[in-house]
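Quick notes on the structure that follows.
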Amino acid sequence: MKKGSEILVKIEKTEFPSIGIGREGERTIYVKNSFPGQIIKGKVKRKKADYAEVKMLEVEEKADYEIEAKCPVFGICGGCSSQNLTYEKQLELLGQEVKELFNKANVTTGEYEGVTGSEFQWEYRNKMEFTFGDMEKGGELTLGMHMKNKSFGIINVDKCQIVDEDFRKIISLTIEYFRKQNLPYYKVMKREGYLRHLVIRKAKNTGEILVNLVTTTQIDFDLTEYKEIIKNADYKGKIVSILHTENNSFSDAVIPEKVNLLYGKDYIQEELLGLQFKISPFSFFQTNTKGAEGLYSIVREYMGNSDNKVVFDLYCGTGTIGQIVAPKAKKVIGIELIEEAVEAAKENAKLNGLNNCKFLAGDVAEIIKTIKDKPDIIILDPPRSGVHPKALEYVIKFNAKEIIYVSCNPKTLVNDLKVLLSEGYKIIKTRVKDMFPNTPHAETVVKLIKE
C-alpha cells in the first residue's frame with residue numbers, strides 16, 4: 001500500500017461520525033461516510049504503520065440493507081451522507097457509535113436512554129446556506145452545495161429533500177434570474193466575481209421566511225427586480241425579509257461587512273415551546289426547529305423540579321435553553337462569547353416577559369470568574385471543541401449539585417466527562433437526540449450529580 005494508491009476494503013463497523021472501519025492485514029483502514037457490509041474502492045490519503053485513511057471513490061458492493069436515496073443528487077452533493085439507509089438503521093448505527101465512544105473512554109453512560117429520533121426525516125432544516133458556482137470550469141451558473149470529491153464544483157440543489165418546497169422555490173427563482181443576468185460568481189482563488197451565497201431561513205412554526213443574497217461590491221447591480229420576483233411568488237410560508245449582504249472578504253464564509261434591507265424587517269420570529277424568539281440573519285438557532293423542541297424538552301426533563309434554583313446556562317448563544325427552563329427556575333444566568341447573540345438573548349427574554357434571566361457577553365472562561373451567584377444547576381452547551389479547560393475548572397469550583405451537558409460532539413464530551421468524574425461527579429443518565437437526519441451528526445445529553 002502506498003499513498004495515492006487505490007484499494008478495495010470491506011467495511012466491518014463504524015465509529016462516530018459515520019467513519020467506516022475495515023482491515024488490510026494488520027492495518028486498520030478508515031473510510032469516511034461508509035457503512036458495515038459495503039465494499040469500498042478508495043484512494044489512500046494517509047498511511048501509517050498500523051492504520052490508513054482512505055478517501056472513498058465509489059461503493060463497489062452495497063450492504064444488503066441499503067435503500068434507494070430519495071434525493072436525485074445524493075452521492076454527488078456533499079451534503080447528506082446516509083439517505084441510502086432507512087431512518088431506523090441510521091439511528092441504530094448512531095447509538096452504537098456514541099456508546100462505543102463512551103466504552104473506549106471508559107466512561108459510563110449511567111442509565112442509557114437510547115436514541116430519540118427527529119420528528120421529521122425530511123424537510124426539517126430551517127436554515128441553509130447555498131453557494132454560487134459551476135459544476136465544471138466554464139459551465140453554466142449553479143447554486144447549491146459543494147460536490148463530493150471536487151475542490152470547487154457546485155451542484156444545483158433545487159430538489160433538496162432536507163428543506164421544504166419554499167426553499168426549493170427560492171433556489172429555482174434565484175438561479176433562473178441570475179443566469180439571465182450573465183453575472184459572474186465569486187472565484188475564491190482569483191478573488192474576483194459578484195455572486196457569492198444565498199442564505200434562507202424559515203421559522204417552521206410561524207412560517208416567516210428570510211432571504212439573504214450575499215455578493216461582493218465588485219459590480220454595482222440593481223437588485224430591485226430580483227427582490228420583486230422573490231417577494232411576489234407563492235409560498236406555503238410568508239416572505240417577511242429580503243436582505244442583501246455585501247461581503248468582500250477573502251474567506252469562503254458569509255461575512256456580513258454591510259447588510260442592506262431590501263424588503264420587510266431584518267429578522268424572523270419563531271415560536272418554540274410556547275416562547276417567542278427573534279432570529280436575525282446571523283444569529284445561532286438550532287437548524288431543526290422540531291428537533292430543538294425535543295432536545296430542550298429533554299434538558300427540562302433532566303432538570304426535574306428546579307423551582308427556587310439558580311441555573312447557569314454556559315455557552316448560551318441567543319439564550320434559547322436558558323429561557324425555556326426559566327419559568328421553572330429562580331434565576332437564569334447565561335454567558336456567551338458573541339455579543340450580538342447576547343443582545344438577542346436579552347431582547348428575546350424581554351419579548352417573553354422573563355424577568356429572572358441575565359445574559360452576559362464574554363469568554364466563558366473569563367466571565368465566569370466575576371459572577372457572585374452560586375449555581376444549583378449548570379447547563380453546558382459548548383461548541384464542538386468542548387468546554388475550555390479554564391472554564392471547566394471554574395465549573396468544578398462552583399460545586400453545583402447538578403450538571404446537564406448538551407454536546408454536539410460526543411468525542412469532546414467524553415473527555416470533559418472524564419474530568420468531571422475525577423472531581424466527584426456521577427453520571428446518572430444519557431440520551432442521544434438525532435437533530436440532523438441523513439447526516440452523521442447528533443446531540444448527546446448527559447445528567448451528572450455531585451456525589
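Convention: chains lettered A, B, ... in C-alpha cells order; per-chain residue numbering from 1; ligands numbered from 1 as shown.
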Practice problem: Determine which residues of segment 173-354 of chain A DSSP labels as helix (DSSP H, G or I) from the backbone of this structure, then write them out as a ChimeraX atom specification. | Solution: /A:173-181,224-232,289-303,320-328,339-351
Quiz item: What's the 12 Å shell around Asn415 of chain A, counting only C-alpha atoms, without same-chain residues fewer than 6 positions away, as a count of residues only?
Solution: 16
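As for atom CA of Arg23 of chain A and atom CA of Asp50 of chain A, they are spaced 10.0 Å apart.
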Exercise. Could you give me, as a ChimeraX atom specification, the residues within 10 Å of Asn356 of chain A, counting only C-alpha atoms and dropping anything in the same chain fewer than 3 positions from it?
Key: /A:310,323,326-327,329-333,349,353
Dump N, CA and C atoms for the selected residues as a tab-separated table (two decimals), in the first residue's frame?
chain	number	residue	atom	x	y	z
A	310	VAL	N	-30.98	28.30	41.14
A	310	VAL	CA	-30.22	29.18	40.25
A	310	VAL	C	-29.58	28.32	39.16
A	323	GLN	N	-33.93	30.35	28.50
A	323	GLN	CA	-35.28	30.92	28.57
A	323	GLN	C	-36.35	29.84	28.64
A	326	ALA	N	-36.33	28.84	32.20
A	326	ALA	CA	-36.51	29.95	33.15
A	326	ALA	C	-37.82	29.91	33.92
A	327	PRO	N	-38.96	29.56	33.28
A	327	PRO	CA	-40.22	29.54	34.05
A	327	PRO	C	-40.20	28.58	35.24
A	329	ALA	N	-37.32	28.07	37.06
A	329	ALA	CA	-36.11	28.37	37.84
A	329	ALA	C	-36.29	29.66	38.64
A	330	LYS	N	-35.48	29.78	39.67
A	330	LYS	CA	-35.46	31.03	40.45
A	330	LYS	C	-34.77	32.12	39.65
A	331	LYS	N	-33.62	31.75	39.03
A	331	LYS	CA	-32.82	32.72	38.28
A	331	LYS	C	-32.01	31.97	37.24
A	332	VAL	N	-31.84	32.58	36.06
A	332	VAL	CA	-31.00	32.02	35.00
A	332	VAL	C	-29.94	33.03	34.63
A	333	ILE	N	-28.68	32.59	34.61
A	333	ILE	CA	-27.57	33.44	34.16
A	333	ILE	C	-26.94	32.77	32.96
A	349	ALA	N	-35.71	37.54	25.92
A	349	ALA	CA	-36.20	37.41	27.30
A	349	ALA	C	-37.24	38.48	27.61
A	353	GLY	N	-41.30	38.18	28.50
A	353	GLY	CA	-41.65	38.60	29.85
A	353	GLY	C	-40.92	37.83	30.93
Can you pull out every residue within 6 Å of Ile29 of chain A, counting only C-alpha atoms, but drop anything in the same chain fewer than 3 positions away, and send it as a CSV table (one decimal) with N, CA and C atoms, in the first residue's frame?
chain,number,residue,atom,x,y,z
A,21,ILE,N,-14.9,1.3,9.2
A,21,ILE,CA,-13.6,0.7,9.6
A,21,ILE,C,-13.5,-0.7,9.0
A,22,GLY,N,-12.4,-0.9,8.3
A,22,GLY,CA,-12.1,-2.2,7.7
A,22,GLY,C,-10.6,-2.5,8.0
A,23,ARG,N,-10.1,-3.6,7.4
A,23,ARG,CA,-8.8,-4.0,7.7
A,23,ARG,C,-8.1,-4.4,6.4
A,51,TYR,N,-2.3,2.0,10.6
A,51,TYR,CA,-3.6,2.4,10.1
A,51,TYR,C,-3.4,3.2,8.8
A,52,ALA,N,-4.5,3.4,8.1
A,52,ALA,CA,-4.5,4.2,6.9
A,52,ALA,C,-5.9,4.9,6.8
A,53,GLU,N,-5.8,6.1,6.2
A,53,GLU,CA,-7.1,6.8,6.0
A,53,GLU,C,-7.3,6.8,4.4
Quiz item: So which one's closest to Glu111 of chain A, A:Lys2, A:Lys447, A:Lys290, A:Lys372? Using only C-alpha atoms, please.
Solution: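 Counting only C-alpha atoms, the residue closest to Glu111 of chain A is A:Lys447.
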Quiz prompt | From A:Thr108, A:Asn232, A:Ser151, A:Asn288, residue lying nearest Met189 of chain A [only C-alpha atoms] | solution =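 Of A:Thr108, A:Asn232, A:Ser151, A:Asn288, the one nearest Met189 of chain A, counting only C-alpha atoms, is A:Ser151.
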Self-check item: Backbone-only DSSP, strand (DSSP E) members of segment 122-340 of chain A, as a VMD selection string
Solution: chain A and resid 127 to 133 142 to 146 154 to 156 195 to 202 208 to 215 238 to 246 258 to 264 268 to 272 275 to 279 310 to 314 331 to 336
Practice problem: Considering only C-alpha atoms, return as a list of chain:residue names whatever protein or nucleic-acid residues lie within 12 Å of Glu88 of chain A, sequence-local ones (same chain, fewer than 6 positions apart) excluded. | Solution: A:Tyr65, A:Glu66, A:Ile67, A:Ser82, A:Leu94, A:Gly95, A:Val115, A:Thr116, A:Gly117, A:Ser118, A:Gln121, A:Asp434, A:Pro437, A:Asn438
Using only N, CA, C and O atoms, please write the residues we just selected to a file, as a compact mmCIF listing (two decimals), in the first residue's frame.
# COMPACT_ATOMS: atom_id res chain seq x y z
N TYR A 65 -28.69 -4.04 3.33
CA TYR A 65 -29.81 -3.29 3.91
C TYR A 65 -29.98 -1.91 3.25
O TYR A 65 -30.86 -1.15 3.63
N GLU A 66 -29.14 -1.57 2.28
CA GLU A 66 -29.24 -0.23 1.67
C GLU A 66 -30.52 -0.07 0.86
O GLU A 66 -31.06 -1.05 0.32
N ILE A 67 -30.99 1.18 0.79
CA ILE A 67 -32.21 1.51 0.05
C ILE A 67 -31.89 2.57 -1.00
O ILE A 67 -30.80 3.14 -1.02
N SER A 82 -26.25 9.72 4.40
CA SER A 82 -26.83 8.41 4.73
C SER A 82 -28.28 8.26 4.27
O SER A 82 -29.05 7.54 4.90
N LEU A 94 -26.03 5.20 14.84
CA LEU A 94 -25.69 6.36 15.66
C LEU A 94 -25.57 5.97 17.13
O LEU A 94 -24.61 6.35 17.81
N GLY A 95 -26.54 5.22 17.61
CA GLY A 95 -26.50 4.77 19.01
C GLY A 95 -25.28 3.93 19.30
O GLY A 95 -24.61 4.09 20.33
N VAL A 115 -31.57 6.38 21.66
CA VAL A 115 -31.57 7.47 20.69
C VAL A 115 -33.00 7.93 20.45
O VAL A 115 -33.87 7.12 20.12
N THR A 116 -33.24 9.22 20.61
CA THR A 116 -34.54 9.80 20.26
C THR A 116 -34.41 10.40 18.86
O THR A 116 -33.58 11.26 18.62
N GLY A 117 -35.21 9.91 17.94
CA GLY A 117 -35.12 10.37 16.56
C GLY A 117 -35.74 11.73 16.34
O GLY A 117 -36.38 12.31 17.24
N SER A 118 -35.54 12.26 15.16
CA SER A 118 -36.15 13.53 14.77
C SER A 118 -37.60 13.28 14.37
O SER A 118 -37.93 12.23 13.80
N GLN A 121 -37.83 13.19 9.15
CA GLN A 121 -36.58 12.82 8.50
C GLN A 121 -36.30 13.74 7.32
O GLN A 121 -35.15 13.97 6.96
N ASP A 434 -31.18 12.75 17.87
CA ASP A 434 -30.83 13.00 16.47
C ASP A 434 -31.50 14.28 16.02
O ASP A 434 -32.72 14.40 16.03
N PRO A 437 -31.13 14.28 10.61
CA PRO A 437 -31.30 13.04 9.85
C PRO A 437 -30.56 13.07 8.51
O PRO A 437 -30.39 14.13 7.90
N ASN A 438 -30.08 11.91 8.12
CA ASN A 438 -29.37 11.68 6.86
C ASN A 438 -27.93 12.22 6.89
O ASN A 438 -27.27 12.29 5.86
Please identify all polymer residues within 12 Å of Ile298 of chain A, counting only C-alpha atoms, omitting same-chain residues fewer than 4 positions from it, and present them as a PDB file with C-alpha atoms, in the first residue's frame.
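Produced file part_29.pdb, reproduced below:
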ATOM      1  CA  GLU A 113     -31.908   6.006  27.402  1.00  0.00           C
ATOM      2  CA  VAL A 115     -31.567   7.473  20.694  1.00  0.00           C
ATOM      3  CA  THR A 116     -34.536   9.804  20.255  1.00  0.00           C
ATOM      4  CA  GLY A 291     -35.734  18.695  16.882  1.00  0.00           C
ATOM      5  CA  ALA A 292     -34.811  21.654  19.086  1.00  0.00           C
ATOM      6  CA  GLU A 293     -38.161  21.404  20.868  1.00  0.00           C
ATOM      7  CA  GLY A 294     -37.380  17.744  21.542  1.00  0.00           C
ATOM      8  CA  TYR A 302     -33.360  16.180  33.231  1.00  0.00           C
ATOM      9  CA  MET A 303     -33.591  19.290  35.411  1.00  0.00           C
ATOM     10  CA  GLY A 304     -36.664  17.911  37.182  1.00  0.00           C
ATOM     11  CA  ILE A 321     -32.232  26.817  26.533  1.00  0.00           C
ATOM     12  CA  ILE A 324     -37.080  27.626  28.065  1.00  0.00           C
ATOM     13  CA  VAL A 325     -36.066  26.473  31.571  1.00  0.00           C
ATOM     14  CA  ILE A 404     -26.592  18.912  32.389  1.00  0.00           C
ATOM     15  CA  TYR A 405     -24.166  18.644  29.483  1.00  0.00           C
ATOM     16  CA  VAL A 406     -25.564  19.098  25.964  1.00  0.00           C
ATOM     17  CA  LYS A 429     -28.272   9.137  32.599  1.00  0.00           C
ATOM     18  CA  THR A 430     -27.502   9.744  28.926  1.00  0.00           C
ATOM     19  CA  ARG A 431     -29.681  10.198  25.876  1.00  0.00           C
ATOM     20  CA  VAL A 432     -28.767  10.748  22.228  1.00  0.00           C
ATOM     21  CA  LYS A 433     -31.003  13.132  20.249  1.00  0.00           C
ATOM     22  CA  GLU A 443     -26.683  15.873  20.119  1.00  0.00           C
ATOM     23  CA  THR A 444     -25.973  13.960  23.332  1.00  0.00           C
ATOM     24  CA  VAL A 445     -27.461  14.962  26.704  1.00  0.00           C
ATOM     25  CA  VAL A 446     -25.886  13.795  29.972  1.00  0.00           C
ATOM     26  CA  LYS A 447     -27.093  14.416  33.534  1.00  0.00           C
TER      27      LYS A 447
END
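Considering only C-alpha atoms, the residue among A:Tyr315, A:Phe398, A:Tyr226, A:Tyr87 positioned nearest to Val364 of chain A is A:Tyr315.
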Practice problem: Write out as a list in words which residues come within 9 Å of Pro17 of chain A when counting only C-alpha atoms, dropping same-chain ones fewer than 4 positions away. | Solution: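 Contacts, in chain order: Lys32, Asn33, Leu94, Glu97, Val98, Thr439, Pro440 and His441 of chain A.
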Self-check item: Given only C-alpha atoms as the counted atoms, nearest of A:Lys390, A:Tyr177, A:Asp373, A:Met435 to Asp416 of chain A
Solution: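 Smallest distance to Asp416 of chain A is found for A:Lys390.
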Quiz prompt | Minimum-distance residue to Phe436 of chain A, chosen among A:Cys80, A:Ile7, A:Met128, A:Leu275 (using only C-alpha atoms) | solution =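 Of A:Cys80, A:Ile7, A:Met128, A:Leu275, the one nearest Phe436 of chain A, counting only C-alpha atoms, is A:Cys80.
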Self-check item: Shortest interatomic distance to Glu225 of chain A - which of A:Leu173, A:Leu8, A:Val31, A:Leu380, counting only C-alpha atoms
Solution: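 Of A:Leu173, A:Leu8, A:Val31, A:Leu380, the one nearest Glu225 of chain A, counting only C-alpha atoms, is A:Leu173.
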